[in-house]
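Have a look at data_36.cif; it's mmCIF, C-alpha atoms:
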```cif
data_structure
loop_
_atom_site.label_atom_id
_atom_site.label_comp_id
_atom_site.auth_asym_id
_atom_site.auth_seq_id
_atom_site.Cartn_x
_atom_site.Cartn_y
_atom_site.Cartn_z
CA MET A 88 -251.15 -149.93 -25.35
CA SER A 89 -251.23 -147.73 -22.25
CA LEU A 90 -251.86 -144.02 -22.63
CA ALA A 91 -249.52 -141.32 -21.32
CA ILE A 92 -250.51 -137.65 -21.11
CA VAL A 93 -247.68 -135.12 -21.27
CA THR A 94 -248.18 -131.36 -20.90
CA GLY A 95 -245.82 -128.76 -22.30
CA ALA A 96 -244.90 -131.35 -24.89
CA ALA A 97 -244.47 -129.29 -28.05
CA ARG A 98 -240.72 -128.90 -27.63
CA GLY A 99 -237.78 -129.05 -25.23
CA ILE A 100 -237.99 -131.24 -22.13
CA GLY A 101 -241.66 -132.10 -22.69
CA GLN A 102 -240.99 -133.26 -26.22
CA ALA A 103 -238.11 -135.43 -25.01
CA ILE A 104 -240.32 -136.93 -22.29
CA ALA A 105 -243.00 -137.73 -24.84
CA ALA A 106 -240.47 -139.35 -27.18
CA ARG A 107 -239.01 -141.46 -24.36
CA LEU A 108 -242.46 -142.60 -23.21
CA ALA A 109 -243.34 -143.53 -26.81
CA GLU A 110 -240.16 -145.62 -27.02
CA ALA A 111 -241.24 -147.32 -23.80
CA GLY A 112 -244.46 -148.36 -25.49
CA HIS A 113 -246.97 -145.73 -24.40
CA ALA A 114 -249.57 -144.19 -26.68
CA LEU A 115 -249.43 -140.41 -26.33
CA LEU A 116 -251.81 -137.54 -25.71
CA LEU A 117 -249.74 -134.36 -25.84
CA VAL A 118 -250.86 -130.99 -24.51
CA ASP A 119 -249.35 -127.56 -25.10
CA LEU A 120 -250.36 -123.96 -25.63
CA ASP A 121 -247.91 -123.94 -28.53
CA GLU A 122 -249.63 -125.15 -31.69
CA ARG A 123 -246.50 -127.06 -32.65
CA VAL A 124 -247.87 -129.70 -30.28
CA HIS A 125 -249.76 -131.11 -33.26
CA ASP A 126 -246.51 -131.53 -35.23
CA THR A 127 -244.78 -133.18 -32.28
CA ALA A 128 -247.75 -135.49 -31.74
CA ALA A 129 -247.76 -136.44 -35.43
CA GLU A 130 -244.02 -137.15 -35.37
CA LEU A 131 -244.39 -139.42 -32.35
CA GLY A 132 -247.59 -141.11 -33.49
CA GLY A 133 -249.86 -139.60 -30.84
CA SER A 134 -252.55 -136.97 -30.71
CA GLY A 135 -252.22 -133.35 -29.65
CA VAL A 136 -254.42 -130.87 -27.81
CA ARG A 137 -253.65 -127.16 -27.95
CA ALA A 138 -254.68 -125.99 -24.50
CA ASP A 139 -253.83 -123.70 -21.58
CA ILE A 140 -253.69 -125.78 -18.39
CA ALA A 141 -254.39 -122.64 -16.34
CA ASP A 142 -257.75 -122.18 -18.09
CA PRO A 143 -260.57 -124.31 -16.61
CA ALA A 144 -262.36 -124.52 -19.97
CA ASP A 145 -259.20 -125.86 -21.60
CA VAL A 146 -258.71 -128.37 -18.77
CA ALA A 147 -262.23 -129.63 -19.50
CA ARG A 148 -261.25 -130.00 -23.19
CA ILE A 149 -258.20 -132.05 -22.17
CA VAL A 150 -260.42 -134.36 -20.10
CA ALA A 151 -262.77 -134.73 -23.05
CA ALA A 152 -259.83 -135.60 -25.30
CA VAL A 153 -258.70 -138.25 -22.83
CA GLN A 154 -262.19 -139.74 -22.65
CA GLU A 155 -262.44 -139.78 -26.45
CA ARG A 156 -259.45 -142.11 -26.52
CA GLY A 157 -261.69 -144.75 -24.94
CA SER A 158 -259.11 -146.24 -22.60
CA ALA A 159 -257.98 -145.15 -19.17
CA PRO A 160 -254.61 -143.39 -19.11
CA ARG A 161 -251.72 -144.88 -17.17
CA VAL A 162 -249.35 -141.91 -16.86
CA LEU A 163 -249.74 -138.15 -16.37
CA VAL A 164 -246.66 -135.96 -16.73
CA ASN A 165 -247.21 -132.37 -15.58
CA ASN A 166 -244.41 -130.59 -17.40
CA ALA A 167 -245.98 -127.37 -18.74
CA GLY A 168 -244.50 -124.23 -17.27
CA ILE A 169 -243.41 -120.66 -17.86
CA THR A 170 -240.86 -118.26 -16.41
CA ARG A 171 -240.96 -114.48 -15.81
CA ASP A 172 -237.63 -113.91 -14.08
CA SER A 173 -236.62 -110.72 -12.30
CA LEU A 174 -235.34 -109.62 -8.92
CA LEU A 175 -238.19 -109.47 -6.44
CA ARG A 176 -237.83 -105.73 -5.91
CA SER A 177 -238.67 -105.18 -9.60
CA MET A 178 -241.06 -108.12 -10.10
CA ASP A 179 -244.64 -107.00 -10.71
CA GLU A 180 -247.70 -108.82 -9.40
CA ALA A 181 -248.79 -109.93 -12.88
CA ALA A 182 -245.48 -111.75 -13.38
CA PHE A 183 -245.82 -113.38 -9.98
CA ARG A 184 -249.39 -114.52 -10.57
CA ALA A 185 -248.78 -115.76 -14.12
CA VAL A 186 -245.93 -118.04 -13.11
CA VAL A 187 -247.70 -119.40 -10.04
CA ARG A 188 -250.97 -119.89 -11.92
CA VAL A 189 -249.49 -121.91 -14.80
CA ASN A 190 -246.76 -123.89 -13.04
CA LEU A 191 -248.61 -124.67 -9.83
CA GLY A 192 -252.30 -123.98 -10.48
CA GLY A 193 -252.21 -125.81 -13.80
CA THR A 194 -250.49 -128.82 -12.27
CA HIS A 195 -253.07 -128.92 -9.48
CA ALA A 196 -256.03 -128.52 -11.82
CA LEU A 197 -254.97 -131.22 -14.22
CA THR A 198 -253.99 -133.71 -11.52
CA GLU A 199 -257.32 -133.30 -9.74
CA VAL A 200 -259.29 -134.20 -12.88
CA ILE A 201 -256.97 -136.76 -14.49
CA ALA A 202 -255.91 -138.76 -11.42
CA PRO A 203 -259.39 -140.28 -10.97
CA LEU A 204 -259.24 -141.46 -14.59
CA LEU A 205 -255.85 -143.17 -14.31
CA VAL A 206 -255.72 -146.96 -14.17
CA ASP A 207 -254.88 -148.63 -10.86
CA HIS A 208 -251.10 -148.56 -10.33
CA GLY A 209 -250.85 -145.60 -12.67
CA ALA A 210 -248.35 -142.82 -12.09
CA VAL A 211 -248.21 -139.05 -11.97
CA VAL A 212 -244.84 -137.40 -12.52
CA ASN A 213 -244.58 -133.67 -11.87
CA ILE A 214 -241.75 -131.51 -13.15
CA SER A 215 -240.43 -129.30 -10.37
CA SER A 216 -237.06 -127.53 -10.50
CA ARG A 217 -233.78 -127.30 -8.64
CA ALA A 218 -234.61 -123.57 -8.52
CA GLN A 219 -236.98 -124.30 -5.64
CA LEU A 220 -233.87 -124.72 -3.50
CA GLY A 221 -233.16 -121.03 -4.07
CA ASN A 222 -232.29 -118.96 -7.12
CA VAL A 223 -231.74 -115.26 -7.72
CA GLY A 224 -234.52 -113.67 -9.76
CA GLN A 225 -236.91 -116.58 -9.42
CA PHE A 226 -239.06 -115.87 -6.35
CA ASN A 227 -242.17 -116.59 -8.43
CA TYR A 228 -240.79 -119.70 -10.14
CA GLY A 229 -239.26 -121.01 -6.90
CA ILE A 230 -242.57 -120.70 -5.07
CA ALA A 231 -244.41 -122.40 -7.93
CA LYS A 232 -241.94 -125.28 -8.20
CA GLY A 233 -241.73 -125.68 -4.44
CA GLY A 234 -245.51 -125.76 -4.43
CA VAL A 235 -245.38 -128.54 -7.00
CA ILE A 236 -243.36 -130.59 -4.51
CA GLY A 237 -245.95 -129.90 -1.82
CA LEU A 238 -248.63 -131.13 -4.22
CA THR A 239 -246.51 -134.16 -5.11
CA ARG A 240 -246.21 -135.27 -1.50
CA ALA A 241 -249.81 -134.54 -0.53
CA HIS A 242 -251.18 -136.20 -3.65
CA ALA A 243 -248.89 -139.20 -3.09
CA LEU A 244 -250.57 -139.69 0.29
CA ALA A 245 -254.05 -138.88 -0.98
CA PHE A 246 -253.91 -141.28 -3.95
CA ALA A 247 -252.00 -144.14 -2.27
CA PRO A 248 -252.14 -147.08 -2.68
CA ARG A 249 -253.93 -146.75 -6.04
CA LEU A 250 -251.49 -144.33 -7.70
CA ARG A 251 -247.90 -143.19 -7.29
CA VAL A 252 -247.00 -139.50 -7.48
CA ASN A 253 -243.40 -138.32 -7.81
CA ALA A 254 -241.45 -135.35 -9.12
CA VAL A 255 -238.31 -134.69 -11.11
CA ALA A 256 -236.38 -131.50 -10.37
CA PRO A 257 -234.19 -130.58 -13.33
CA GLY A 258 -231.20 -128.30 -12.96
CA PHE A 259 -229.63 -126.36 -15.84
CA VAL A 260 -230.86 -128.10 -18.99
CA GLU A 261 -229.74 -127.22 -22.51
CA SER A 262 -232.56 -125.56 -24.44
CA GLU A 263 -233.20 -122.81 -26.99
CA MET A 264 -233.36 -120.40 -24.05
CA THR A 265 -230.13 -121.47 -22.33
CA LEU A 266 -228.21 -121.61 -25.61
CA ALA A 267 -229.19 -117.97 -26.17
CA MET A 268 -227.61 -116.88 -22.87
CA PRO A 269 -224.41 -114.79 -23.00
CA ALA A 270 -221.48 -117.23 -23.18
CA GLU A 271 -219.81 -116.01 -19.98
CA VAL A 272 -223.06 -116.27 -17.99
CA ARG A 273 -223.73 -119.74 -19.33
CA GLN A 274 -220.18 -120.83 -18.51
CA ARG A 275 -220.50 -119.52 -14.95
CA VAL A 276 -223.62 -121.61 -14.46
CA VAL A 277 -221.99 -124.73 -15.91
CA ASP A 278 -218.87 -124.21 -13.76
CA ALA A 279 -221.04 -124.54 -10.64
CA ILE A 280 -222.28 -127.99 -11.70
CA PRO A 281 -220.18 -130.85 -10.24
CA LEU A 282 -220.59 -132.95 -13.39
CA GLU A 283 -219.34 -129.89 -15.40
CA VAL A 284 -221.92 -130.13 -18.19
CA PRO A 285 -225.46 -128.88 -18.66
CA GLY A 286 -228.21 -131.45 -18.59
CA GLN A 287 -229.91 -132.58 -21.77
CA PRO A 288 -233.68 -132.95 -22.20
CA LEU A 289 -233.11 -136.70 -22.53
CA ASP A 290 -231.61 -136.79 -19.01
CA ILE A 291 -234.90 -135.51 -17.63
CA ALA A 292 -236.94 -137.78 -19.89
CA GLU A 293 -235.06 -140.87 -18.64
CA ALA A 294 -235.80 -139.93 -15.02
CA VAL A 295 -239.48 -139.37 -15.80
CA GLU A 296 -239.76 -142.64 -17.70
CA TRP A 297 -238.25 -144.54 -14.77
CA LEU A 298 -240.58 -142.96 -12.22
CA ALA A 299 -243.57 -143.69 -14.48
CA SER A 300 -242.56 -147.31 -14.94
CA ASP A 301 -243.10 -150.41 -12.82
CA ALA A 302 -239.37 -150.33 -12.06
CA ALA A 303 -240.23 -147.54 -9.59
CA SER A 304 -243.26 -149.36 -8.17
CA TYR A 305 -242.14 -148.81 -4.55
CA VAL A 306 -241.36 -145.11 -5.01
CA THR A 307 -243.92 -142.44 -4.23
CA GLY A 308 -243.92 -138.88 -2.90
CA GLN A 309 -240.26 -138.43 -3.86
CA VAL A 310 -238.29 -135.79 -5.70
CA LEU A 311 -235.52 -136.92 -8.03
CA TYR A 312 -233.01 -134.12 -8.66
CA SER A 313 -231.51 -134.44 -12.12
CA CYS A 314 -229.08 -131.55 -11.89
CA GLY A 315 -225.52 -132.87 -12.12
CA GLY A 316 -225.11 -132.60 -8.34
CA ARG A 317 -225.93 -128.89 -8.22
CA SER A 318 -228.64 -129.39 -5.56
CA PHE A 319 -226.02 -129.57 -2.81
CA ALA A 320 -222.80 -128.30 -4.37
CA MET B 219 -243.01 -105.06 11.87
CA ARG B 220 -245.89 -105.71 9.51
CA ILE B 221 -247.54 -108.93 10.58
CA GLU B 222 -250.24 -110.72 8.61
CA VAL B 223 -250.93 -114.13 10.13
CA ALA B 224 -254.26 -115.87 9.59
CA ASP B 225 -254.20 -118.02 12.74
CA ALA B 226 -255.84 -115.89 15.45
CA ALA B 227 -253.82 -117.29 18.39
CA LEU B 228 -250.57 -116.81 16.49
CA ALA B 229 -251.56 -113.29 15.46
CA THR B 230 -252.21 -112.44 19.12
CA ALA B 231 -248.89 -113.91 20.20
CA LEU B 232 -247.06 -111.96 17.50
CA GLY B 233 -248.85 -108.75 18.48
CA GLY B 234 -245.91 -107.66 20.58
CA LEU B 235 -243.72 -107.53 17.47
CA GLY B 236 -246.08 -105.57 15.24
CA SER B 237 -249.44 -105.57 13.49
CA SER B 238 -251.07 -105.63 10.07
CA GLY B 239 -250.56 -101.87 9.96
CA GLY B 240 -246.94 -102.13 11.07
CA ARG B 241 -243.91 -100.83 9.18
CA ALA B 242 -242.62 -103.11 6.42
CA GLU B 243 -239.21 -101.44 6.76
CA ASP B 244 -238.89 -103.16 10.15
CA GLY B 245 -239.63 -106.54 8.58
CA VAL B 246 -242.63 -108.66 7.64
CA VAL B 247 -244.14 -111.86 9.02
CA PHE B 248 -246.70 -113.74 6.96
CA GLY B 249 -248.73 -116.83 7.86
CA PRO B 250 -251.19 -118.05 5.23
CA ALA B 251 -254.78 -119.10 5.88
CA ARG B 252 -255.90 -122.64 5.17
CA VAL B 253 -257.23 -122.95 1.64
CA THR B 254 -259.67 -125.22 -0.15
CA THR B 255 -259.68 -123.81 -3.70
CA TRP B 256 -256.99 -122.80 -6.17
CA ALA B 257 -258.27 -119.21 -6.12
CA GLU B 258 -257.70 -119.09 -2.36
CA ALA B 259 -254.25 -120.64 -2.72
CA GLU B 260 -253.25 -118.10 -5.38
CA GLU B 261 -254.52 -115.29 -3.17
CA GLU B 262 -252.48 -116.45 -0.15
CA LEU B 263 -249.33 -116.78 -2.24
CA THR B 264 -249.95 -113.35 -3.75
CA ARG B 265 -250.30 -111.86 -0.26
CA ALA B 266 -246.90 -113.36 0.52
CA TYR B 267 -245.53 -111.80 -2.67
CA ARG B 268 -246.92 -108.35 -1.78
CA LEU B 269 -245.40 -108.41 1.70
CA ALA B 270 -242.04 -109.78 0.53
CA HIS B 271 -242.00 -107.22 -2.29
CA ALA B 272 -242.62 -104.42 0.20
CA ALA B 273 -239.84 -105.76 2.44
CA ALA B 274 -237.44 -106.01 -0.51
CA GLN B 275 -237.87 -102.30 -1.24
CA GLU B 276 -236.61 -101.60 2.31
CA ASN B 277 -233.97 -104.37 2.62
CA ALA B 278 -236.11 -105.63 5.50
CA PRO B 279 -236.29 -109.17 6.93
CA VAL B 280 -239.02 -111.63 5.93
CA VAL B 281 -240.31 -114.59 7.95
CA PHE B 282 -243.00 -116.94 6.66
CA VAL B 283 -244.87 -119.00 9.28
CA VAL B 284 -246.43 -122.15 7.81
CA ASP B 285 -248.28 -125.18 9.13
CA ALA B 286 -245.62 -127.79 9.87
CA ALA B 287 -247.72 -130.71 8.61
CA ALA B 288 -248.35 -128.97 5.31
CA ALA B 289 -244.66 -128.10 5.02
CA VAL B 290 -243.71 -131.78 4.99
CA GLY B 291 -246.51 -132.66 2.59
CA ARG B 292 -248.89 -134.10 5.19
CA GLY B 293 -251.60 -131.52 4.74
CA ALA B 294 -254.36 -131.20 2.18
CA PRO B 295 -252.85 -130.81 -1.31
CA LEU B 296 -253.41 -127.07 -1.69
CA ASP B 297 -252.28 -126.33 1.88
CA ALA B 298 -249.13 -128.34 1.17
CA ALA B 299 -248.66 -126.47 -2.10
CA VAL B 300 -248.86 -123.12 -0.31
CA ALA B 301 -246.63 -124.17 2.59
CA VAL B 302 -243.90 -125.82 0.52
CA GLY B 303 -244.15 -122.97 -1.97
CA LEU B 304 -243.37 -120.54 0.85
CA VAL B 305 -240.51 -122.76 2.05
CA ALA B 306 -239.04 -122.41 -1.44
CA GLY B 307 -239.88 -118.70 -1.50
CA GLY B 308 -237.95 -118.20 1.73
CA ARG B 309 -234.94 -119.90 0.18
CA CYS B 310 -235.16 -117.77 -2.96
CA LEU B 311 -235.44 -114.58 -0.88
CA ALA B 312 -232.44 -115.56 1.21
CA PHE B 313 -230.41 -116.36 -1.88
CA GLU B 314 -231.38 -113.12 -3.59
CA GLY B 315 -230.68 -111.11 -0.43
CA LEU B 316 -227.22 -112.49 0.28
CA ARG B 317 -225.31 -109.60 -1.29
CA LYS B 318 -227.32 -106.97 0.59
CA ASP B 319 -227.50 -108.95 3.83
CA GLU B 320 -231.28 -109.22 3.58
CA TYR B 321 -232.74 -111.88 5.83
CA ALA B 322 -235.43 -114.48 5.11
CA SER B 323 -236.45 -117.72 6.76
CA VAL B 324 -239.45 -119.95 7.36
CA ILE B 325 -240.97 -121.29 10.57
CA GLY B 326 -242.97 -124.52 10.58
CA TYR B 327 -245.44 -124.57 13.48
CA ASP B 328 -247.35 -127.68 14.50
CA GLY B 329 -249.72 -126.01 16.97
CA ALA B 330 -248.65 -128.12 19.96
CA GLU B 331 -246.25 -125.56 21.42
CA PRO B 332 -247.57 -122.28 22.85
CA PRO B 333 -247.86 -119.60 20.13
CA SER B 334 -245.52 -117.44 22.20
CA ARG B 335 -242.71 -119.82 21.14
CA VAL B 336 -243.28 -118.76 17.54
CA ALA B 337 -243.09 -115.09 18.52
CA ALA B 338 -239.86 -115.75 20.43
CA THR B 339 -238.46 -117.66 17.45
CA VAL B 340 -239.27 -114.84 15.03
CA GLU B 341 -237.59 -112.38 17.36
CA PHE B 342 -234.49 -114.58 17.70
CA LEU B 343 -234.17 -115.34 13.99
CA VAL B 344 -234.48 -111.72 12.90
CA ALA B 345 -232.19 -110.41 15.66
CA THR B 346 -229.41 -112.93 15.03
CA GLY B 347 -229.76 -113.73 11.33
CA VAL B 348 -229.59 -117.41 12.22
CA GLY B 349 -231.33 -119.89 9.92
CA ARG B 350 -231.11 -117.76 6.79
CA GLY B 351 -233.05 -119.47 4.00
CA GLN B 352 -233.84 -122.43 6.28
CA THR B 353 -237.03 -123.85 7.75
CA VAL B 354 -237.06 -123.92 11.54
CA MET B 355 -239.58 -126.27 13.09
CA VAL B 356 -241.30 -125.14 16.30
CA GLY B 357 -242.71 -128.35 17.74
CA SER B 358 -241.82 -132.00 17.48
CA ALA B 359 -244.86 -133.52 15.78
CA HIS B 360 -242.97 -134.13 12.53
CA VAL B 361 -239.59 -135.32 13.73
CA GLY B 362 -238.24 -137.77 11.17
CA ALA B 363 -240.26 -136.37 8.27
CA MET B 364 -237.92 -135.07 5.59
CA LEU B 365 -238.42 -131.45 4.56
CA PRO B 366 -238.85 -130.91 0.83
#
```
For this file, write the structure as structure tokens.
Amino acid sequence: MSLAIVTGAARGIGQAIAARLAEAGHALLLVDLDERVHDTAAELGGSGVRADIADPADVARIVAAVQERGSAPRVLVNNAGITRDSLLRSMDEAAFRAVVRVNLGGTHALTEVIAPLLVDHGAVVNISSRAQLGNVGQFNYGIAKGGVIGLTRAHALAFAPRLRVNAVAPGFVESEMTLAMPAEVRQRVVDAIPLEVPGQPLDIAEAVEWLASDAASYVTGQVLYSCGGRSFA
Amino acid sequence: MRIEVADAALATALGGLGSSGGRAEDGVVFGPARVTTWAEAEEELTRAYRLAHAAAQENAPVVFVVDAAAAVGRGAPLDAAVAVGLVAGGRCLAFEGLRKDEYASVIGYDGAEPPSRVAATVEFLVATGVGRGQTVMVGSAHVGAMLP
């Protein structure tokens, strides 16, 4: 059974990705700063590592956990991320650095150490965001998720032909956070989506699973927007 | 304008528009250095944040100047991360500044054209407001490569 590593997997989109990859036959190594990662891993029959991907010592622990499994991984999904939204004029440097360090620095750090361990014809799937096309209050997040696309392309070239590296850019996806938004704000966001509904975590998981699979064997360095058409509407 | 551009030839060419001690209220131009470590990448992106933040306090224009190869993902991974990150940052700034008519854009420079073309492009973009939130390529080395 091939091994898939998923970060930010304790809940939400990461949890859905892990579940979809398990259904597709992958063994799982789940990573999250949230200790519920152990519960999610137990539910899905995998193992969990509580770790901060922005901390080099924790990245080393993740590598050790992968090596303990005794078989080379086939898939790495870099999903872990945080937000600290505010207009730029009121955004402080700590909020900027934190978002860039976790979303972009963490993705870079983990890819650099895990990619050499992946089996030939393995796949890396990074989670970017439609927000990198421009969003109010997300200068930090936009830079980080745009940076993830830069990494995706450069790593796709660097690791070809041995590995494929792609990204999924979710739009507005239903989550604990978005369900807590004021109803009128949420409705305004949904009204701007051509398909007129928010995305579900499973929508993102399906896109990731396809990019990680042999069905996408001729696809590398690409960004798949799963956003209901919002990327151009 | 306040101009912080790592490339020495570009910095010289942009000298007619301002300097590192220039006034942020007249606008900012930032061009990152090449990076080889994450710490360097984070520092370059944070420099961009500081300049853009200063410009935002003054409703002033922002132009990022990035390596064109890195902006299409052809550079080293961290250079590409910084360049494409700034492409996205320019879009976010433009989006956020729409209501107050604040200007932001990105220039991709491949090094084949004279640096004076970049200075002329900055001047044109800021004066006209053309290309808001867009990436303008100065040079033809990457024709046909899709921007992220």
(message) Please list as a PyMOL selection string every residue within 9 Å of stretch 149-166 of chain A, counting all atoms listed in the file and excluding residues in the same chain fewer than 4 positions away.
(response) chain A and resi 89-96+100-101+104+113+116+118+136-138+140+144-145+190+193-194+197-198+200-202+204-215+295+299-300
(message) What's the separation between atom CA of B:Arg317 and atom CA of B:Val305, in Å to one decimal place?
(response) 20.4 Å
(message) Counting all atoms listed in the file, which residue out of A:Gly99, A:Gly233, A:Pro203, A:Gly132 sits closest to chain B?
(response)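 Under the stated criterion, the closest residue is A:Gly233.
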List as CSV every residue of chain A that is in contact with chain B, defined as an atom at most 10 Å from one of its atoms (using all atoms listed in the file), together with the nearest atom pair and the distance in Å rounded to one decimal, sorted by chain and then rising number.
```
residue,atom,partner,partner_atom,distance
A:Leu174,CA,B:Glu314,CA,7.5
A:Leu175,CA,B:His271,CA,6.1
A:Arg176,CA,B:Ala274,CA,5.4
A:Ser177,CA,B:His271,CA,8.3
A:Met178,CA,B:His271,CA,7.9
A:Asp179,CA,B:His271,CA,8.8
A:Glu180,CA,B:Thr264,CA,7.6
A:Ala181,CA,B:Thr264,CA,9.8
A:Phe183,CA,B:Thr264,CA,7.5
A:Arg184,CA,B:Thr264,CA,6.9
A:Val187,CA,B:Glu260,CA,7.4
A:Arg188,CA,B:Glu260,CA,7.2
A:Leu191,CA,B:Ala299,CA,7.9
A:Gly192,CA,B:Trp256,CA,6.5
A:Gly193,CA,B:Trp256,CA,9.5
A:His195,CA,B:Trp256,CA,8.0
A:Ala196,CA,B:Trp256,CA,8.1
A:Glu199,CA,B:Pro295,CA,9.9
A:Ala218,CA,B:Cys310,CA,8.1
A:Gln219,CA,B:Ala306,CA,5.0
A:Leu220,CA,B:Ala306,CA,6.0
A:Gly221,CA,B:Cys310,CA,4.0
A:Asn222,CA,B:Cys310,CA,5.2
A:Val223,CA,B:Glu314,CA,4.7
A:Gly224,CA,B:Glu314,CA,6.9
A:Gln225,CA,B:Cys310,CA,6.8
A:Phe226,CA,B:Cys310,CA,5.5
A:Asn227,CA,B:Gly307,CA,7.6
A:Tyr228,CA,B:Gly307,CA,8.7
A:Gly229,CA,B:Ala306,CA,5.6
A:Ile230,CA,B:Gly303,CA,4.2
A:Ala231,CA,B:Gly303,CA,6.0
A:Lys232,CA,B:Gly303,CA,7.0
A:Gly233,CA,B:Gly303,CA,4.4
A:Gly234,CA,B:Gly303,CA,4.0
A:Val235,CA,B:Ala299,CA,6.2
A:Ile236,CA,B:Val302,CA,7.0
A:Gly237,CA,B:Ala299,CA,4.4
A:Leu238,CA,B:Ala299,CA,5.1
A:Thr239,CA,B:Gly291,CA,7.8
A:Arg240,CA,B:Gly291,CA,4.9
A:Ala241,CA,B:Pro295,CA,4.9
A:His242,CA,B:Pro295,CA,6.1
A:Ala243,CA,B:Gly291,CA,9.0
A:Leu244,CA,B:Arg292,CA,7.6
A:Ala245,CA,B:Pro295,CA,8.2
A:Gly308,CA,B:Gly291,CA,8.7
A:Gln309,CA,B:Pro366,CA,9.0
A:Val310,CA,B:Pro366,CA,8.2
```
(request) To one decimal in Å, tell me the separation between atom CA of A:Ala128 and atom CA of A:Ala97. (result)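 For atom CA of A:Ala128 relative to atom CA of A:Ala97, the distance reads 7.9 Å.
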(request) Would you mind listing what lies within 9 Å of stretch 352-360 of chain B as an NGL selection string, with all atoms listed in the file counted and same-chain residues fewer than 3 positions away left out? (result) :B and (286-287 or 290 or 305 or 308-309 or 312 or 322-331 or 335-336 or 339 or 348-349 or 363-365)
Around all listed atoms of stretch 142-155 of chain A, padded 3 Å per side, what centre and edge lengths does the axis-aligned box have in Å to one decimal, as JSON?
```
{"center_x": -260.3, "center_y": -131.0, "center_z": -21.5, "size_x": 11.0, "size_y": 23.6, "size_z": 15.8}
```
(request) Any chance you could resolve the PyMOL selection byres ((chain B and resi 342-344) around 9) against this file and give the residues as a PyMOL selection string? (result) chain B and resi 245+279-281+321-323+337-341+345-350
(request) Spell out the residues picked by the PyMOL selection byres ((chain A and resi 312) around 7) here, as a ChimeraX atom specification. (result) /A:217,255-257,310-311,313-314
(request) Rank A:Asn253, A:Gln287, A:Ser216, A:Thr127 by their smallest atom-to-atom distance to A:Leu266, using only C-alpha atoms, and report the top residue only. (result)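 Using only C-alpha atoms, A:Leu266 sits closest to A:Gln287.
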(message) Applying the PyMOL selection byres ((chain A and resi 261) around 10) to the file I just gave you, which residues come out? Please list them as an NGL selection string.
(response) :A and (99-100 or 258-260 or 262-267 or 284-288)
(message) Please report the interatomic distance between atom CA of B:Val223 and atom CA of A:Val186 in Å with one decimal.
(response)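 Rounded to one decimal, the two atoms are 24.1 Å apart.
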